[in-house]
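S.K.: Input data16.tsv, format and content: TSV, C-alpha atoms and all ligand atoms.
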chain	number	residue	atom	x	y	z
A	1	MET	CA	85.61	75.60	90.22
A	2	SER	CA	89.05	74.05	90.68
A	3	ARG	CA	88.89	70.27	91.02
A	4	LEU	CA	90.68	70.57	94.35
A	5	GLU	CA	87.70	72.40	95.81
A	6	ARG	CA	85.59	69.26	95.38
A	7	LYS	CA	84.52	68.26	98.82
A	8	SER	CA	82.66	64.99	98.17
A	9	GLU	CA	84.52	61.81	98.98
A	10	THR	CA	84.75	58.87	96.61
A	11	LYS	CA	82.33	56.10	97.52
A	12	MET	CA	84.47	53.24	98.79
A	13	VAL	CA	83.31	49.64	99.11
A	14	PRO	CA	84.74	46.79	101.19
A	15	VAL	CA	86.78	43.99	99.54
A	16	PRO	CA	88.68	41.03	101.05
A	17	SER	CA	91.82	41.73	103.15
A	18	HIS	CA	89.71	44.19	105.18
A	19	SER	CA	90.34	46.89	102.58
A	20	ILE	CA	88.16	49.29	100.68
A	21	VAL	CA	88.39	50.27	97.02
A	22	PRO	CA	86.59	52.92	94.99
A	23	GLU	CA	83.17	51.72	93.87
A	24	ARG	CA	84.18	52.31	90.22
A	25	ASP	CA	86.96	49.69	90.65
A	26	VAL	CA	85.04	47.01	92.48
A	27	ASN	CA	84.41	44.81	89.43
A	28	LYS	CA	87.97	45.17	88.15
A	29	ALA	CA	90.88	43.04	89.34
A	30	PRO	CA	92.77	45.01	91.99
A	31	ILE	CA	96.18	46.28	91.00
A	32	LEU	CA	97.80	45.43	94.33
A	33	GLU	CA	97.02	42.80	96.95
A	34	CYS	CA	99.32	42.43	99.96
A	35	SER	CA	98.67	39.57	102.38
A	36	HIS	CA	100.39	39.17	105.75
A	37	LEU	CA	103.40	41.04	104.40
A	38	GLY	CA	106.27	41.56	106.82
A	39	ILE	CA	110.00	42.11	107.17
A	40	ASP	CA	112.43	41.85	110.05
A	41	PHE	CA	115.83	43.51	110.20
A	42	GLY	CA	117.68	41.36	112.73
A	43	GLY	CA	115.60	41.68	115.87
A	44	LEU	CA	113.56	44.66	114.57
A	45	THR	CA	110.19	43.96	112.96
A	46	ALA	CA	109.84	46.95	110.63
A	47	VAL	CA	106.56	45.83	108.99
A	48	ASN	CA	104.20	43.13	110.17
A	49	ASP	CA	100.93	41.58	108.94
A	50	PHE	CA	100.45	44.25	106.27
A	51	ASN	CA	97.21	43.46	104.40
A	52	LEU	CA	96.07	45.89	101.76
A	53	THR	CA	94.19	45.89	98.47
A	54	VAL	CA	94.48	48.85	96.11
A	55	GLY	CA	91.85	49.40	93.40
A	56	ARG	CA	92.71	49.63	89.72
A	57	THR	CA	92.41	53.44	89.50
A	58	GLU	CA	92.57	54.36	93.17
A	59	ILE	CA	94.56	57.19	94.68
A	60	ALA	CA	95.66	55.55	97.92
A	61	GLY	CA	97.49	57.12	100.84
A	62	LEU	CA	99.96	55.46	103.19
A	63	ILE	CA	100.53	57.59	106.26
A	64	GLY	CA	101.90	57.28	109.77
A	65	PRO	CA	104.36	58.92	112.15
A	66	ASN	CA	108.11	58.97	111.44
A	67	GLY	CA	109.67	55.51	111.46
A	68	ALA	CA	106.27	53.77	111.15
A	69	GLY	CA	107.46	51.60	108.23
A	70	LYS	CA	105.98	53.45	105.23
A	71	THR	CA	109.11	53.58	103.06
A	72	THR	CA	109.88	50.00	104.04
A	73	VAL	CA	106.50	48.99	102.54
A	74	PHE	CA	107.48	50.75	99.28
A	75	ASN	CA	110.86	48.99	99.41
A	76	LEU	CA	109.05	45.65	99.78
A	77	LEU	CA	106.67	46.39	96.92
A	78	THR	CA	109.56	47.35	94.63
A	79	LYS	CA	111.81	44.50	95.86
A	80	VAL	CA	114.54	46.72	97.20
A	81	TYR	CA	113.93	44.37	100.14
A	82	GLN	CA	112.63	40.81	99.87
A	83	PRO	CA	109.83	40.20	102.38
A	84	THR	CA	110.50	37.95	105.37
A	85	ARG	CA	106.89	36.74	105.07
A	86	GLY	CA	103.66	37.31	103.18
A	87	THR	CA	102.73	37.76	99.53
A	88	ILE	CA	102.44	40.64	97.08
A	89	LEU	CA	100.27	40.29	93.99
A	90	VAL	CA	100.64	42.91	91.29
A	91	ASP	CA	97.82	42.74	88.78
A	92	GLY	CA	97.14	39.24	90.10
A	93	LYS	CA	100.77	38.09	89.62
A	94	ASP	CA	102.76	36.86	92.60
A	95	THR	CA	106.00	38.88	92.75
A	96	HIS	CA	107.78	36.33	94.94
A	97	GLY	CA	111.41	36.06	93.81
A	98	MET	CA	111.20	39.03	91.41
A	99	ASN	CA	113.90	41.71	91.48
A	100	THR	CA	113.39	45.48	91.11
A	101	VAL	CA	113.59	45.39	87.31
A	102	GLN	CA	111.11	42.52	87.02
A	103	VAL	CA	108.66	44.17	89.38
A	104	ASN	CA	108.90	47.34	87.30
A	105	ARG	CA	108.06	45.30	84.21
A	106	ALA	CA	105.16	43.78	86.16
A	107	GLY	CA	103.76	47.30	86.52
A	108	ILE	CA	105.18	49.16	89.53
A	109	ALA	CA	107.16	52.41	89.20
A	110	ARG	CA	108.22	54.73	92.00
A	111	THR	CA	109.78	57.99	93.00
A	112	PHE	CA	111.96	58.48	96.07
A	113	GLN	CA	111.93	60.76	99.13
A	114	ASN	CA	115.05	62.50	97.81
A	115	ILE	CA	115.30	63.64	94.21
A	116	ARG	CA	117.23	61.08	92.15
A	117	LEU	CA	117.53	62.63	88.70
A	118	PHE	CA	120.55	62.50	86.42
A	119	ASP	CA	121.41	66.16	87.05
A	120	LYS	CA	123.82	66.59	84.18
A	121	LEU	CA	121.57	65.00	81.56
A	122	SER	CA	118.81	66.87	79.77
A	123	VAL	CA	115.19	66.70	80.84
A	124	GLU	CA	114.39	64.67	77.73
A	125	ASP	CA	117.21	62.18	78.38
A	126	ASN	CA	115.97	61.65	81.93
A	127	VAL	CA	112.57	60.69	80.56
A	128	LYS	CA	114.15	58.45	77.91
A	129	ILE	CA	115.91	56.53	80.69
A	130	GLY	CA	112.47	55.79	82.10
A	131	LEU	CA	111.41	54.43	78.71
A	132	HIS	CA	114.04	51.67	78.72
A	133	ASN	CA	111.45	48.95	79.45
A	134	GLN	CA	109.31	50.13	76.58
A	135	ILE	CA	111.83	50.75	73.82
A	136	LYS	CA	114.61	48.23	73.28
A	137	TYR	CA	117.69	49.02	71.19
A	138	PRO	CA	119.29	45.87	69.72
A	139	MET	CA	123.00	46.01	70.67
A	140	TRP	CA	124.56	46.07	67.19
A	141	SER	CA	122.16	48.63	65.79
A	142	GLY	CA	123.06	50.83	68.76
A	143	ILE	CA	126.82	50.45	68.45
A	144	PHE	CA	126.88	51.01	64.67
A	145	ARG	CA	123.97	53.44	64.57
A	146	LEU	CA	122.09	51.29	62.05
A	147	PRO	CA	118.70	52.49	60.66
A	148	GLY	CA	116.90	50.43	63.33
A	149	TYR	CA	118.61	52.52	65.99
A	150	TRP	CA	117.41	55.82	64.51
A	151	LYS	CA	113.87	54.48	64.25
A	152	LYS	CA	113.88	53.57	67.95
A	153	GLU	CA	115.52	56.88	68.79
A	154	LYS	CA	112.76	58.78	66.97
A	155	LEU	CA	110.13	56.76	68.81
A	156	ALA	CA	111.83	57.45	72.17
A	157	HIS	CA	111.99	61.19	71.36
A	158	GLU	CA	108.31	61.30	70.41
A	159	SER	CA	107.22	59.33	73.50
A	160	ALA	CA	109.34	61.49	75.82
A	161	MET	CA	108.00	64.72	74.29
A	162	GLU	CA	104.42	63.48	74.52
A	163	LEU	CA	104.82	62.79	78.23
A	164	LEU	CA	106.56	66.12	78.84
A	165	HIS	CA	103.76	67.86	76.94
A	166	ILE	CA	101.10	66.38	79.26
A	167	PHE	CA	102.88	68.00	82.20
A	168	GLY	CA	103.61	71.30	80.45
A	169	MET	CA	107.36	70.61	80.38
A	170	GLU	CA	108.07	70.25	76.66
A	171	ASP	CA	109.78	73.65	76.50
A	172	LEU	CA	112.25	72.43	79.12
A	173	ALA	CA	113.24	69.29	77.16
A	174	ASN	CA	116.76	70.51	76.39
A	175	HIS	CA	117.46	72.03	79.80
A	176	ARG	CA	119.81	70.29	82.18
A	177	ALA	CA	117.68	68.43	84.77
A	178	GLY	CA	119.79	69.82	87.63
A	179	SER	CA	119.09	73.41	86.53
A	180	LEU	CA	115.30	73.14	86.98
A	181	PRO	CA	113.52	74.72	89.95
A	182	TYR	CA	112.77	72.29	92.78
A	183	GLY	CA	109.07	71.75	91.96
A	184	ALA	CA	109.88	71.05	88.29
A	185	GLN	CA	112.56	68.51	89.26
A	186	ARG	CA	110.04	66.63	91.36
A	187	ARG	CA	107.56	66.74	88.47
A	188	LEU	CA	110.25	65.38	86.14
A	189	GLU	CA	110.84	62.46	88.50
A	190	ILE	CA	107.17	61.58	88.25
A	191	VAL	CA	107.25	61.89	84.44
A	192	ARG	CA	110.29	59.60	84.32
A	193	ALA	CA	108.52	57.01	86.49
A	194	LEU	CA	105.46	57.21	84.22
A	195	ALA	CA	107.67	56.57	81.18
A	196	SER	CA	107.96	52.91	82.24
A	197	ASN	CA	104.19	52.65	81.66
A	198	PRO	CA	103.25	51.49	85.17
A	199	SER	CA	99.86	50.30	86.38
A	200	LEU	CA	100.74	51.42	89.91
A	201	LEU	CA	102.78	54.54	90.62
A	202	LEU	CA	104.32	54.83	94.08
A	203	LEU	CA	105.18	58.36	95.21
A	204	ASP	CA	107.32	58.69	98.35
A	205	GLU	CA	106.69	62.09	99.93
A	206	PRO	CA	106.11	63.88	96.61
A	207	ALA	CA	105.32	67.21	98.32
A	208	ALA	CA	108.40	67.23	100.57
A	209	GLY	CA	110.10	70.64	100.39
A	210	MET	CA	107.37	72.18	98.21
A	211	ASN	CA	105.72	75.53	98.84
A	212	PRO	CA	101.88	75.66	98.96
A	213	SER	CA	101.52	76.65	95.31
A	214	GLU	CA	103.85	73.84	94.16
A	215	THR	CA	101.86	71.43	96.34
A	216	ALA	CA	98.59	72.59	94.77
A	217	ASP	CA	100.09	71.99	91.29
A	218	LEU	CA	101.25	68.57	92.41
A	219	MET	CA	97.74	67.66	93.57
A	220	GLU	CA	96.32	68.69	90.20
A	221	ASN	CA	99.00	66.62	88.46
A	222	ILE	CA	98.29	63.51	90.53
A	223	LEU	CA	94.59	63.72	89.61
A	224	LYS	CA	95.60	64.30	86.00
A	225	ILE	CA	97.80	61.19	86.00
A	226	ARG	CA	94.97	59.04	87.35
A	227	ASP	CA	92.49	60.44	84.82
A	228	THR	CA	94.84	60.41	81.80
A	229	PHE	CA	96.52	57.05	82.30
A	230	HIS	CA	93.78	55.28	84.31
A	231	ILE	CA	96.34	53.86	86.72
A	232	ALA	CA	96.50	53.55	90.50
A	233	ILE	CA	98.68	55.84	92.59
A	234	MET	CA	99.82	55.13	96.12
A	235	LEU	CA	101.54	57.90	98.01
A	236	ILE	CA	103.36	58.39	101.26
A	237	GLU	CA	102.96	61.93	102.48
A	238	HIS	CA	103.21	63.96	105.67
A	239	ASP	CA	101.32	66.92	104.16
A	240	MET	CA	97.82	66.16	105.41
A	241	SER	CA	96.13	68.74	103.17
A	242	LEU	CA	97.38	66.77	100.18
A	243	VAL	CA	96.48	63.37	101.64
A	244	MET	CA	93.02	64.40	102.78
A	245	GLY	CA	92.45	66.42	99.59
A	246	ILE	CA	93.10	63.72	96.97
A	247	CYS	CA	93.45	60.26	98.54
A	248	GLU	CA	90.40	58.04	98.31
A	249	GLY	CA	91.47	55.20	100.61
A	250	ILE	CA	94.01	55.79	103.36
A	251	CYS	CA	96.01	53.20	105.30
A	252	VAL	CA	97.69	54.23	108.56
A	253	LEU	CA	100.80	52.52	109.88
A	254	ASN	CA	102.26	52.77	113.36
A	255	PHE	CA	105.24	50.75	114.58
A	256	GLY	CA	105.03	48.65	111.40
A	257	GLU	CA	101.40	47.59	111.88
A	258	ILE	CA	98.25	48.88	110.20
A	259	ILE	CA	96.16	50.68	112.81
A	260	ALA	CA	93.42	52.02	110.51
A	261	LYS	CA	92.09	52.01	106.96
A	262	GLY	CA	89.35	54.25	105.67
A	263	THR	CA	88.22	57.30	103.77
A	264	PRO	CA	89.77	60.70	104.62
A	265	SER	CA	86.93	61.61	106.99
A	266	GLU	CA	87.04	58.22	108.72
A	267	ILE	CA	90.79	58.51	109.21
A	268	GLN	CA	90.64	62.08	110.51
A	269	ASN	CA	88.11	61.01	113.16
A	270	ASN	CA	89.76	57.72	114.14
A	271	PRO	CA	90.89	57.86	117.80
A	272	LYS	CA	93.75	55.36	117.20
A	273	VAL	CA	95.12	57.58	114.43
A	274	ILE	CA	94.82	60.74	116.50
A	275	GLU	CA	96.57	58.98	119.40
A	276	ALA	CA	99.40	57.70	117.15
A	277	TYR	CA	100.09	61.21	115.81
A	278	LEU	CA	99.75	62.92	119.19
A	279	GLY	CA	101.95	60.25	120.77
A	280	SER	CA	104.66	60.79	118.19
A	281	GLN	CA	104.45	64.56	118.72
A	282	LYS	CA	104.88	64.11	122.49
A	283	LYS	CA	107.95	61.91	121.83
A	284	GLU	CA	109.45	64.55	119.49
A	285	GLY	CA	108.62	67.39	121.92
B	301	LIG	N1	117.72	48.47	105.97
B	301	LIG	C1	117.30	48.60	107.24
B	301	LIG	N2	117.97	48.04	108.26
B	301	LIG	C2	117.56	48.17	109.54
B	301	LIG	N3	116.46	48.86	109.91
B	301	LIG	C3	115.75	49.45	108.93
B	301	LIG	C4	116.12	49.37	107.55
B	301	LIG	N4	115.21	50.08	106.80
B	301	LIG	C5	114.31	50.57	107.68
B	301	LIG	N5	114.63	50.20	108.95
B	301	LIG	C6	113.91	50.53	110.16
B	301	LIG	O1	112.53	50.24	109.93
B	301	LIG	C7	111.72	51.19	110.61
B	301	LIG	C8	110.76	51.84	109.62
B	301	LIG	O2	111.49	52.74	108.78
B	301	LIG	P1	110.85	53.49	107.53
B	301	LIG	O3	111.93	54.29	106.87
B	301	LIG	O4	110.14	52.50	106.70
B	301	LIG	O5	109.81	54.45	108.24
B	301	LIG	P2	108.92	55.62	107.59
B	301	LIG	O6	107.54	55.40	108.09
B	301	LIG	O7	109.10	55.66	106.11
B	301	LIG	O8	109.54	56.91	108.26
B	301	LIG	P3	109.67	58.45	107.75
B	301	LIG	O9	108.29	59.01	107.73
B	301	LIG	O10	110.51	59.07	108.82
B	301	LIG	O11	110.33	58.41	106.40
B	301	LIG	C9	112.64	52.18	111.30
B	301	LIG	O12	112.81	51.78	112.65
B	301	LIG	C10	113.92	52.03	110.51
B	301	LIG	O13	115.04	52.35	111.29
Would you write the structure of this file as structure tokens?
M.R.:
Amino acid sequence: MSRLERKSETKMVPVPSHSIVPERDVNKAPILECSHLGIDFGGLTAVNDFNLTVGRTEIAGLIGPNGAGKTTVFNLLTKVYQPTRGTILVDGKDTHGMNTVQVNRAGIARTFQNIRLFDKLSVEDNVKIGLHNQIKYPMWSGIFRLPGYWKKEKLAHESAMELLHIFGMEDLANHRAGSLPYGAQRRLEIVRALASNPSLLLLDEPAAGMNPSETADLMENILKIRDTFHIAIMLIEHDMSLVMGICEGICVLNFGEIIAKGTPSEIQNNPKVIEAYLGSQKKEG
């Protein structure tokens, strides 16, 4: 039986910040704790009083109608924006004042709504770029190609190939990233994000533009990432079959505020959630 046919939901247990985490994570320090997080853009409050805890190995979903504030939350977590208020703890560390590079070193990696690969570089080189936090080249050994440089280069090659192998992409290592089919480019983005060895991987609409078979592969790959690397994954997604199929805890935003948290079945039956989605459909219609 394919793992995606599993119907049983993960048992979730309550933790502070009115959140739930998978039972298997309850005795482990959470990977993410947001308290009263918010940001204003001039007079517009894009996110307000965002409280969320994500378990160590949880697959968490962040959903909501268009313009609800989902990407803004990712931008706050990754310090593209500094919060107007509230705190973000990553692995127990307060990220106040950190920049995007520091927060990546603290354990958060992400992909974007639109593909952001280096099209003209090879698949392998794209992954090596993601390894930059892991493998440091001392300046002089790089400029003069000293033995130390070749040692690091060999290590980077081996690490990149190992990651590509996990996702069945090692045969594509020398292909130009821009020449890959759409689904493979999106997979490569995820591999590149994983190269920075995150504890929390943020995926912004990973299934956008995918056909059903690419989406099914993506779901398998997300489960594989969680099970291989034992990390947490938080995803924004409009494809409800993906969200309801693999997310364990789901948080729903509307107009920048959390309106519900729960398991897939709780969220699907929550009247506030149904109203938020129907309301946004009426507005669009
Ligand atoms: N840099 C910014 N300056 C001003 N307003 C912004 C900025 N970034 C986001 N916003 C506003 O914040 C609100 C939330 O936007 P956001 O992109 O986070 O929504 P979303 O839930 O990700 O939407 P979608 O599902 O359509 O991607 C919107 O009203 C948006 O216009």
S.K.: Any chance you could tabulate, as CSV, the residues of chain A at most 6 Å from ligand LIG 301 (chain B) with each one's nearest atom pair and distance in Å to one decimal, using only C-alpha atoms and all ligand atoms, in chain and rising number order?
M.R.:
residue,atom,partner,partner_atom,distance
A:Phe41,CA,B:LIG301,C2,5.0
A:Ala46,CA,B:LIG301,O1,4.3
A:Pro65,CA,B:LIG301,O9,5.9
A:Asn66,CA,B:LIG301,O10,3.6
A:Gly67,CA,B:LIG301,O5,3.4
A:Ala68,CA,B:LIG301,O6,3.7
A:Gly69,CA,B:LIG301,O4,3.2
A:Lys70,CA,B:LIG301,O6,3.8
A:Thr71,CA,B:LIG301,O7,3.7
A:Thr72,CA,B:LIG301,O4,3.7
S.K.: How many Å separate atom CA of Gly42 of chain A from atom CA of Ile88 of chain A?
M.R.: 21.9 Å
S.K.: Of the candidates A:Gln102, A:Pro264, A:Tyr182, A:Asn174, which one gets nearest to Ser196 of chain A if we count only C-alpha atoms?
M.R.: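 Distance minimum relative to Ser196 of chain A lands on A:Gln102.
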S.K.: Report, in Å with one decimal, the straight-line distance from atom CA of Arg110 of chain A to atom CA of Ile222 of chain A.
M.R.: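 Those two atoms sit 13.3 Å apart.
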S.K.: Which residues are near Leu188 of chain A? Cut-off 9 Å, all atoms listed in the file, ignore same chain within fewer than 4 positions. Put them as a PyMOL selection string.
M.R.: chain A and resi 117+123+126-127+164+167+169+177+183-184+192-193
S.K.: Between A:Leu76, A:Leu218, A:Val191, A:Ala109, which has the minimum distance to Gly97 of chain A (counting only C-alpha atoms)?
M.R.: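 The answer is A:Leu76, which sits nearest to Gly97 of chain A.
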S.K.: Would you mind reading off the distance between atom CA of Asp217 of chain A and atom CA of Ile246 of chain A, one decimal, in Å?
M.R.: 12.2 Å
S.K.: Could you list, as a PDB file with C-alpha atoms, in the frame of the given file, every residue within 6 Å of Glu23 of chain A, counting all atoms listed in the file and ignoring same-chain residues fewer than 3 positions away?
M.R.:
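Saved as out-v5.pdb:
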ATOM      1  CA  LYS A  11      82.330  56.100  97.520  1.00  0.00           C
ATOM      2  CA  MET A  12      84.470  53.240  98.790  1.00  0.00           C
ATOM      3  CA  VAL A  13      83.310  49.640  99.110  1.00  0.00           C
ATOM      4  CA  VAL A  26      85.040  47.010  92.480  1.00  0.00           C
TER       5      VAL A  26
END
S.K.: When distances are computed from all atoms listed in the file, which of A:Ile63, A:Ile233, A:Leu131, A:Ala160 shows the smallest separation from Ile259 of chain A?
M.R.: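 Smallest distance to Ile259 of chain A is found for A:Ile63.
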S.K.: Looking at all atoms listed in the file, which of A:Gly38, A:Gly130, A:Gly245, A:Gly64 is the one that sits closest to Gly86 of chain A?
M.R.: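 Closest candidate: A:Gly38.
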S.K.: From the list A:Phe112, A:Leu180, A:Arg226, A:Ile250, which residue is nearest Thr263 of chain A when using only C-alpha atoms?
M.R.: A:Ile250
S.K.: Of the residues A:Ile129, A:Val90, A:Ile31, A:Leu155, which is the one nearest to Ala106 of chain A, using only C-alpha atoms?
M.R.: A:Val90
S.K.: At a cut-off of 9 Å, using only C-alpha atoms, what residues contact Val80 of chain A? Leave out same-chain residues fewer than 6 positions from it and give the result as a PyMOL selection string.
M.R.: chain A and resi 72+74+99-100
S.K.: I want to know what sits within 12 Å of Arg24 of chain A, based on all atoms listed in the file, with residues of the same chain fewer than 5 positions away left out; could you give that as a ChimeraX atom specification?
M.R.: /A:10-13,29-30,55-58,230,248
S.K.: Tell me which protein, DNA and RNA residues are within 9 Å of Ala260 of chain A, counting all atoms listed in the file, leaving out same-chain ones fewer than 2 positions away, and put them as a tab-separated table (two decimals) with C-alpha atoms, in the frame of the given file.
M.R.:
chain	number	residue	atom	x	y	z
A	250	ILE	CA	94.01	55.79	103.36
A	251	CYS	CA	96.01	53.20	105.30
A	252	VAL	CA	97.69	54.23	108.56
A	253	LEU	CA	100.80	52.52	109.88
A	258	ILE	CA	98.25	48.88	110.20
A	262	GLY	CA	89.35	54.25	105.67
A	267	ILE	CA	90.79	58.51	109.21
A	270	ASN	CA	89.76	57.72	114.14
A	272	LYS	CA	93.75	55.36	117.20
A	273	VAL	CA	95.12	57.58	114.43
